[in-house]
file entry-v1.cif (mmCIF, C-alpha atoms and all ligand atoms)
data_target
#
loop_
_atom_site.label_atom_id
_atom_site.label_comp_id
_atom_site.auth_asym_id
_atom_site.auth_seq_id
_atom_site.Cartn_x
_atom_site.Cartn_y
_atom_site.Cartn_z
CA MET J 1 114.72 -219.87 -48.64
CA SER J 2 113.68 -223.48 -49.22
CA LEU J 3 113.48 -225.96 -46.37
CA VAL J 4 116.25 -228.09 -47.86
CA ARG J 5 118.56 -225.08 -48.07
CA GLU J 6 117.68 -224.05 -44.53
CA MET J 7 118.40 -227.57 -43.25
CA ARG J 8 121.73 -227.67 -45.12
CA LYS J 9 122.69 -224.42 -43.42
CA VAL J 10 121.88 -225.80 -39.98
CA TYR J 11 123.74 -229.04 -40.70
CA ARG J 12 126.78 -227.07 -41.93
CA LYS J 13 126.75 -224.98 -38.75
CA ILE J 14 126.77 -228.07 -36.56
CA ALA J 15 129.52 -229.72 -38.64
CA ASP J 16 131.61 -226.54 -38.60
CA ARG J 17 131.31 -226.32 -34.83
CA SER J 18 132.82 -229.77 -34.43
CA ILE J 19 135.60 -228.99 -36.94
CA LEU J 20 136.41 -225.78 -35.09
CA GLN J 21 136.61 -227.63 -31.79
CA ARG J 22 139.15 -230.00 -33.33
CA ILE J 23 141.33 -227.35 -35.00
CA GLY J 24 140.71 -224.62 -32.43
CA SER J 25 144.41 -223.87 -31.97
CA TYR J 26 144.43 -222.23 -35.44
CA GLU J 27 143.14 -219.14 -33.65
CA GLN J 28 146.46 -218.67 -31.88
CA ILE J 29 148.34 -218.39 -35.19
CA ASP J 30 148.65 -214.84 -36.47
CA GLY J 31 146.87 -214.29 -39.79
CA TRP J 32 143.58 -213.40 -41.43
CA LEU J 33 140.83 -215.98 -41.35
CA GLU J 34 137.24 -216.01 -40.16
CA LYS J 35 135.83 -219.00 -38.32
CA SER J 36 133.62 -220.01 -41.24
CA GLU J 37 136.62 -219.83 -43.57
CA ALA J 38 138.81 -221.92 -41.27
CA ALA J 39 136.12 -224.60 -41.08
CA ALA J 40 135.57 -224.52 -44.86
CA LEU J 41 139.28 -225.02 -45.60
CA CYS J 42 139.45 -228.00 -43.25
CA ARG J 43 136.21 -229.49 -44.59
CA LEU J 44 137.26 -229.20 -48.26
CA ALA J 45 140.73 -230.62 -47.58
CA SER J 46 139.07 -233.55 -45.86
CA ARG J 47 136.72 -234.00 -48.83
CA VAL J 48 139.53 -234.11 -51.40
CA SER J 49 141.49 -236.61 -49.35
CA GLY J 50 138.37 -238.77 -49.09
CA ARG J 51 138.06 -238.71 -52.89
CA ALA J 52 141.74 -239.61 -53.30
CA ALA J 53 141.45 -242.64 -51.03
CA GLY J 54 143.36 -245.62 -52.41
CA THR J 55 145.86 -243.38 -54.25
CA ALA J 56 148.94 -241.59 -52.93
CA GLY J 57 146.56 -238.97 -51.58
CA ALA J 58 145.42 -235.51 -52.54
CA ASN J 59 147.58 -232.54 -53.50
CA ILE J 60 146.76 -229.12 -52.14
CA LEU J 61 148.53 -225.89 -53.07
CA GLU J 62 148.29 -222.73 -51.03
CA ILE J 63 149.79 -219.56 -52.52
CA GLY J 64 150.52 -217.16 -49.64
CA CYS J 65 150.69 -218.87 -46.27
CA TRP J 66 152.14 -216.15 -43.97
CA LYS J 67 152.59 -217.88 -40.57
CA GLY J 68 150.42 -220.87 -41.39
CA LYS J 69 146.95 -220.08 -40.03
CA SER J 70 145.14 -221.33 -43.14
CA THR J 71 147.81 -223.95 -43.87
CA TYR J 72 147.08 -225.58 -40.54
CA CYS J 73 143.35 -225.75 -41.35
CA LEU J 74 144.08 -227.36 -44.73
CA ALA J 75 146.65 -229.79 -43.35
CA SER J 76 144.36 -230.81 -40.48
CA GLY J 77 141.67 -231.83 -42.93
CA LEU J 78 144.04 -233.71 -45.23
CA ARG J 79 144.42 -237.36 -44.28
CA GLU J 80 146.65 -238.63 -47.12
CA GLY J 81 148.63 -236.40 -49.44
CA ARG J 82 150.65 -233.20 -49.44
CA VAL J 83 150.06 -229.53 -48.80
CA TYR J 84 152.42 -227.39 -50.91
CA VAL J 85 152.85 -223.80 -49.80
CA ILE J 86 154.42 -221.00 -51.83
CA ASP J 87 155.53 -217.85 -50.02
CA PRO J 88 158.66 -215.70 -50.07
CA PHE J 89 158.38 -215.25 -46.28
CA ASP J 90 159.80 -211.74 -46.69
CA ALA J 91 156.74 -209.70 -45.57
CA ALA J 92 157.04 -207.65 -48.78
CA GLY J 93 153.90 -208.38 -50.80
CA GLU J 94 151.94 -205.90 -52.93
CA VAL J 95 152.02 -202.18 -52.06
CA GLU J 96 148.60 -202.10 -50.31
CA SER J 97 149.56 -204.82 -47.83
CA ARG J 98 153.16 -203.87 -47.03
CA ASP J 99 152.43 -201.74 -43.94
CA ILE J 100 150.16 -204.40 -42.46
CA TYR J 101 152.75 -207.13 -43.04
CA ALA J 102 155.52 -204.97 -41.55
CA LYS J 103 153.43 -204.33 -38.41
CA GLN J 104 152.48 -207.99 -37.92
CA LYS J 105 155.75 -209.62 -38.91
CA GLY J 106 157.40 -209.69 -35.49
CA GLN J 107 161.07 -210.25 -34.77
CA ARG J 108 161.60 -213.83 -35.89
CA PRO J 109 162.11 -215.00 -39.48
CA LEU J 110 158.66 -215.76 -40.87
CA VAL J 111 159.66 -219.14 -42.26
CA GLU J 112 160.87 -220.25 -38.81
CA GLU J 113 157.64 -219.14 -37.21
CA PHE J 114 155.67 -220.94 -39.92
CA LYS J 115 157.59 -224.18 -39.33
CA GLU J 116 157.25 -223.96 -35.57
CA ASN J 117 153.48 -223.32 -35.81
CA MET J 118 153.08 -226.40 -38.00
CA GLN J 119 155.47 -228.57 -35.98
CA SER J 120 153.83 -227.81 -32.64
CA ARG J 121 150.43 -228.74 -34.11
CA GLY J 122 151.69 -231.98 -35.63
CA VAL J 123 151.19 -231.21 -39.34
CA LEU J 124 154.66 -230.15 -40.54
CA GLY J 125 155.26 -233.63 -42.00
CA LYS J 126 152.42 -233.14 -44.52
CA ILE J 127 153.77 -229.83 -45.83
CA ASP J 128 156.27 -228.99 -48.59
CA ILE J 129 157.56 -225.44 -48.36
CA LEU J 130 158.34 -223.75 -51.68
CA GLN J 131 160.02 -220.55 -50.57
CA GLY J 132 159.85 -217.74 -53.13
CA TYR J 133 157.38 -215.82 -55.27
CA SER J 134 154.77 -217.83 -57.18
CA GLN J 135 156.40 -216.82 -60.49
CA ALA J 136 159.31 -219.10 -59.62
CA PHE J 137 157.13 -222.21 -59.35
CA VAL J 138 155.05 -222.12 -62.51
CA GLY J 139 155.16 -225.59 -64.07
CA LYS J 140 156.77 -227.05 -60.96
CA VAL J 141 153.77 -228.19 -58.94
CA PRO J 142 151.91 -231.48 -59.36
CA GLU J 143 148.30 -231.86 -60.46
CA LEU J 144 146.10 -230.39 -57.77
CA ASP J 145 142.92 -231.43 -55.99
CA LEU J 146 142.59 -228.05 -54.30
CA LEU J 147 144.17 -224.66 -55.02
CA PHE J 148 143.88 -221.84 -52.48
CA ILE J 149 144.99 -218.42 -53.78
CA ASP J 150 145.89 -215.94 -51.02
CA GLY J 151 149.22 -214.46 -52.15
CA ASP J 152 149.69 -211.23 -54.08
CA HIS J 153 146.33 -209.42 -53.78
CA SER J 154 146.88 -206.92 -56.61
CA GLN J 155 144.77 -207.44 -59.74
CA GLU J 156 147.86 -208.42 -61.75
CA GLY J 157 149.31 -210.68 -59.04
CA CYS J 158 146.06 -212.50 -58.37
CA ALA J 159 145.39 -212.87 -62.11
CA PHE J 160 148.88 -214.30 -62.56
CA ASP J 161 148.25 -216.95 -59.93
CA PHE J 162 144.85 -217.83 -61.37
CA GLU J 163 146.13 -218.04 -64.94
CA ASN J 164 149.27 -220.01 -64.16
CA PHE J 165 148.17 -222.39 -61.42
CA SER J 166 144.46 -223.07 -61.98
CA PRO J 167 145.25 -225.19 -65.08
CA ARG J 168 146.89 -227.60 -62.64
CA VAL J 169 143.58 -228.23 -60.85
CA LYS J 170 142.07 -231.59 -61.78
CA VAL J 171 138.55 -231.81 -63.17
CA GLY J 172 136.30 -231.93 -60.11
CA GLY J 173 138.89 -230.18 -57.92
CA TYR J 174 138.45 -226.98 -55.93
CA LEU J 175 139.63 -223.45 -56.68
CA LEU J 176 139.47 -221.12 -53.69
CA PHE J 177 140.18 -217.41 -53.35
CA HIS J 178 140.58 -215.48 -50.14
CA ASP J 179 139.46 -211.85 -49.77
CA PHE J 180 136.71 -211.80 -52.38
CA ASP J 181 134.56 -208.81 -51.45
CA ALA J 182 131.56 -207.99 -53.61
CA LYS J 183 131.56 -204.42 -52.29
CA ARG J 184 135.11 -203.88 -53.55
CA PRO J 185 135.27 -204.92 -57.21
CA GLU J 186 138.69 -203.28 -57.54
CA VAL J 187 140.56 -205.60 -55.14
CA GLY J 188 142.54 -208.35 -56.85
CA PRO J 189 140.55 -211.44 -55.81
CA THR J 190 137.16 -209.81 -56.54
CA PHE J 191 138.42 -208.49 -59.87
CA VAL J 192 139.80 -211.88 -60.89
CA VAL J 193 136.73 -213.85 -59.80
CA GLN J 194 134.31 -211.50 -61.54
CA ASN J 195 136.31 -210.83 -64.71
CA LYS J 196 138.26 -214.01 -65.29
CA VAL J 197 137.03 -216.98 -63.27
CA LEU J 198 133.27 -216.67 -63.71
CA PRO J 199 133.41 -215.75 -67.43
CA SER J 200 135.73 -218.73 -68.06
CA GLY J 201 132.71 -221.02 -67.66
CA LYS J 202 134.94 -223.71 -66.20
CA LEU J 203 133.34 -223.88 -62.77
CA ARG J 204 130.49 -226.19 -61.96
CA THR J 205 129.44 -224.52 -58.72
CA THR J 206 130.47 -221.36 -56.94
CA VAL J 207 130.16 -220.94 -53.20
CA CYS J 208 130.87 -217.79 -51.26
CA ILE J 209 131.80 -218.25 -47.60
CA THR J 210 132.10 -214.59 -46.61
CA GLY J 211 132.21 -211.20 -48.34
CA CYS J 212 129.56 -212.07 -50.92
CA GLU J 213 126.90 -209.66 -49.61
CA LYS J 214 126.34 -206.73 -51.95
C1 LIG X 1 147.35 -212.36 -46.62
S1 LIG X 1 148.83 -213.22 -46.44
C2 LIG X 1 148.34 -214.91 -46.38
C3 LIG X 1 147.59 -215.26 -45.16
C4 LIG X 1 147.45 -216.71 -44.86
N1 LIG X 1 146.88 -217.47 -45.97
C5 LIG X 1 146.59 -216.86 -43.60
O1 LIG X 1 145.47 -217.35 -43.68
O2 LIG X 1 147.03 -216.45 -42.54
C6 LIG X 1 149.54 -213.12 -48.03
C7 LIG X 1 150.85 -213.85 -48.16
O3 LIG X 1 151.18 -213.91 -49.55
C8 LIG X 1 152.57 -213.80 -49.68
N2 LIG X 1 152.85 -213.34 -51.05
C9 LIG X 1 152.80 -212.08 -51.55
N3 LIG X 1 153.11 -212.09 -52.85
C10 LIG X 1 153.33 -213.39 -53.19
C11 LIG X 1 153.68 -214.06 -54.40
N4 LIG X 1 153.86 -213.39 -55.56
N5 LIG X 1 153.85 -215.39 -54.37
C12 LIG X 1 153.65 -216.09 -53.22
N6 LIG X 1 153.31 -215.51 -52.05
C13 LIG X 1 153.15 -214.18 -52.04
C14 LIG X 1 152.99 -212.84 -48.59
O4 LIG X 1 154.36 -213.03 -48.27
C15 LIG X 1 152.04 -213.22 -47.46
O5 LIG X 1 152.62 -214.14 -46.60
#

call {"tool": "encode", "arguments": {"input": "entry-v1.cif", "output": "structure tokens"}}
result
Amino acid sequence: MSLVREMRKVYRKIADRSILQRIGSYEQIDGWLEKSEAAALCRLASRVSGRAAGTAGANILEIGCWKGKSTYCLASGLREGRVYVIDPFDAAGEVESRDIYAKQKGQRPLVEEFKENMQSRGVLGKIDILQGYSQAFVGKVPELDLLFIDGDHSQEGCAFDFENFSPRVKVGGYLLFHDFDAKRPEVGPTFVVQNKVLPSGKLRTTVCITGCEK
């Protein structure tokens, strides 16, 4: 590895540590997010709001927010703008995830828990909740600076979200997928990234935060 790359890695580690200190309470929200992923979401949200300075702010869309773990990281990084979240809040999801969602759902309505998690951390005012399946919101979201896809993880569901929402991402914006795993080419996000996103030739740079090891 080159010295420049090595230094970038060290710098990123130091920067991530300070981000994680600031947004540390994300860890108390139930969900699925590694430390490096939490820091990356916050860092990229901060970057797009920096670029949108002097305008109404940046627009972020998250498809699949559960109880708000990743939403909080995005909203913490965003200085000016909106975070739109799409989720049915019904713990149904694709077949493979249903048992996990049922076990982790808890007693309270998911949407209430989501709102309370965001309110108690001071970011609810930046968030617009679009309750329902992503199919219901095609053509109804603004142009995006950042799109984070973490909803239906089946190949069809993930492809649907990529095909219908990525055209809303501005040139120079970010397209993020959760649960890419190079060892599991059959899972939705891996399948979509490898068979649809990369061959589309529309990305300038690809970065893998976790799960990229073969
Ligand atoms: C893995 S969870 C999201 C986790 C969350 N991003 C986090 O970091 O904690 C997936 C979410 O996607 C939602 N979901 C499933 N199918 C969806 C669809 N078609 N449209 C929008 N959301 C969907 C589920 O309700 C669930 O809350």

call {"tool": "closest_residue", "arguments": {"input": "entry-v1.cif", "among": "J:Gly188, J:Gly151, J:Gly125, J:Pro142", "to": "ligand LIG 1 (chain X)", "atoms": "all atoms listed in the file"}}
result
J:Gly151

call {"tool": "residues_near_ligand", "arguments": {"input": "entry-v1.cif", "ligand": "ligand LIG 1 (chain X)", "cutoff": "6 Å", "atoms": "all atoms listed in the file", "output": "PDB file with C-alpha atoms, in the frame of the given file"}}
result
ATOM      1  CA  GLY J  31     146.870-214.290 -39.790  1.00  0.00           C
ATOM      2  CA  TRP J  32     143.580-213.400 -41.430  1.00  0.00           C
ATOM      3  CA  LEU J  33     140.830-215.980 -41.350  1.00  0.00           C
ATOM      4  CA  ILE J  63     149.790-219.560 -52.520  1.00  0.00           C
ATOM      5  CA  GLY J  64     150.520-217.160 -49.640  1.00  0.00           C
ATOM      6  CA  CYS J  65     150.690-218.870 -46.270  1.00  0.00           C
ATOM      7  CA  TRP J  66     152.140-216.150 -43.970  1.00  0.00           C
ATOM      8  CA  GLY J  68     150.420-220.870 -41.390  1.00  0.00           C
ATOM      9  CA  LYS J  69     146.950-220.080 -40.030  1.00  0.00           C
ATOM     10  CA  SER J  70     145.140-221.330 -43.140  1.00  0.00           C
ATOM     11  CA  ILE J  86     154.420-221.000 -51.830  1.00  0.00           C
ATOM     12  CA  ASP J  87     155.530-217.850 -50.020  1.00  0.00           C
ATOM     13  CA  PRO J  88     158.660-215.700 -50.070  1.00  0.00           C
ATOM     14  CA  PHE J  89     158.380-215.250 -46.280  1.00  0.00           C
ATOM     15  CA  ASP J  90     159.800-211.740 -46.690  1.00  0.00           C
ATOM     16  CA  ALA J  91     156.740-209.700 -45.570  1.00  0.00           C
ATOM     17  CA  GLY J  93     153.900-208.380 -50.800  1.00  0.00           C
ATOM     18  CA  TYR J 133     157.380-215.820 -55.270  1.00  0.00           C
ATOM     19  CA  SER J 134     154.770-217.830 -57.180  1.00  0.00           C
ATOM     20  CA  ASP J 150     145.890-215.940 -51.020  1.00  0.00           C
ATOM     21  CA  GLY J 151     149.220-214.460 -52.150  1.00  0.00           C
ATOM     22  CA  ASP J 152     149.690-211.230 -54.080  1.00  0.00           C
TER      23      ASP J 152
END

call {"tool": "atom_distance", "arguments": {"input": "entry-v1.cif", "atom1": "atom CA of J:Gly211", "atom2": "atom CA of J:Lys9"}}
result
17.0 Å

call {"tool": "atom_distance", "arguments": {"input": "entry-v1.cif", "atom1": "atom CA of J:Ser76", "atom2": "atom CA of J:Gly122"}}
result
8.9 Å

call {"tool": "atom_distance", "arguments": {"input": "entry-v1.cif", "atom1": "atom CA of J:Gly77", "atom2": "atom CA of J:Val48"}}
result
9.0 Å

call {"tool": "residues_around", "arguments": {"input": "entry-v1.cif", "residues": "J:Glu143", "least_positions_apart": "4", "cutoff": "9 Å", "atoms": "only C-alpha atoms", "output": "ChimeraX atom specification"}}
result
/J:59-60,167-170

call {"tool": "write_last_selection", "arguments": {"input": "entry-v1.cif", "atoms": "C-alpha atoms", "output": "tab-separated table (two decimals), in the coordinates of the input"}}
result
chain	number	residue	atom	x	y	z
J	59	ASN	CA	147.58	-232.54	-53.50
J	60	ILE	CA	146.76	-229.12	-52.14
J	167	PRO	CA	145.25	-225.19	-65.08
J	168	ARG	CA	146.89	-227.60	-62.64
J	169	VAL	CA	143.58	-228.23	-60.85
J	170	LYS	CA	142.07	-231.59	-61.78

call {"tool": "closest_residue", "arguments": {"input": "entry-v1.cif", "among": "J:Ile100, J:Glu34, J:Phe148, J:Ala15", "to": "J:Ile209", "atoms": "only C-alpha atoms"}}
result
J:Glu34

call {"tool": "axis_aligned_box", "arguments": {"input": "entry-v1.cif", "around": "stretch 32-42 of chain J", "padding_each_side": "5 Å", "output": "AutoDock Vina command-line options"}}
result
--center_x 138.6 --center_y -220.7 --center_z -42.0 --size_x 20.0 --size_y 24.6 --size_z 17.3

call {"tool": "closest_residue", "arguments": {"input": "entry-v1.cif", "among": "J:Val123, J:Leu44, J:Val95, J:Ala38", "to": "J:Ala75", "atoms": "all atoms listed in the file"}}
result
J:Val123

call {"tool": "residues_around", "arguments": {"input": "entry-v1.cif", "residues": "J:Val171", "least_positions_apart": "6", "cutoff": "10 Å", "atoms": "all atoms listed in the file", "output": "JSON, numbers by chain"}}
result
{"J": [144, 145, 202, 203, 204]}

call {"tool": "closest_residue", "arguments": {"input": "entry-v1.cif", "among": "J:Glu94, J:Asp99, J:Glu6, J:Glu27", "to": "J:Glu156", "atoms": "all atoms listed in the file"}}
result
J:Glu94

call {"tool": "residues_around", "arguments": {"input": "entry-v1.cif", "residues": "J:Ala45", "least_positions_apart": "2", "cutoff": "12 Å", "atoms": "only C-alpha atoms", "output": "MDAnalysis selection string"}}
result
chainID J and resid 19 38:43 47:52 57:62 70:83 144:148 173:176

call {"tool": "closest_atom_pairs", "arguments": {"input": "entry-v1.cif", "of": "stretch 82-167 of chain J", "to": "stretch 192-200 of chain J", "cutoff": "7 Å", "atoms": "only C-alpha atoms", "output": "CSV"}}
result
residue,atom,partner,partner_atom,distance
J:Gln155,CA,J:Val192,CA,6.8
J:Cys158,CA,J:Val192,CA,6.8
J:Ala159,CA,J:Val192,CA,5.8

call {"tool": "write_last_selection", "arguments": {"input": "entry-v1.cif", "atoms": "C-alpha atoms", "output": "PDB file, keeping the file's coordinate frame"}}
result
ATOM      1  CA  GLN J 155     144.770-207.440 -59.740  1.00  0.00           C
ATOM      2  CA  CYS J 158     146.060-212.500 -58.370  1.00  0.00           C
ATOM      3  CA  ALA J 159     145.390-212.870 -62.110  1.00  0.00           C
TER       4      ALA J 159
END
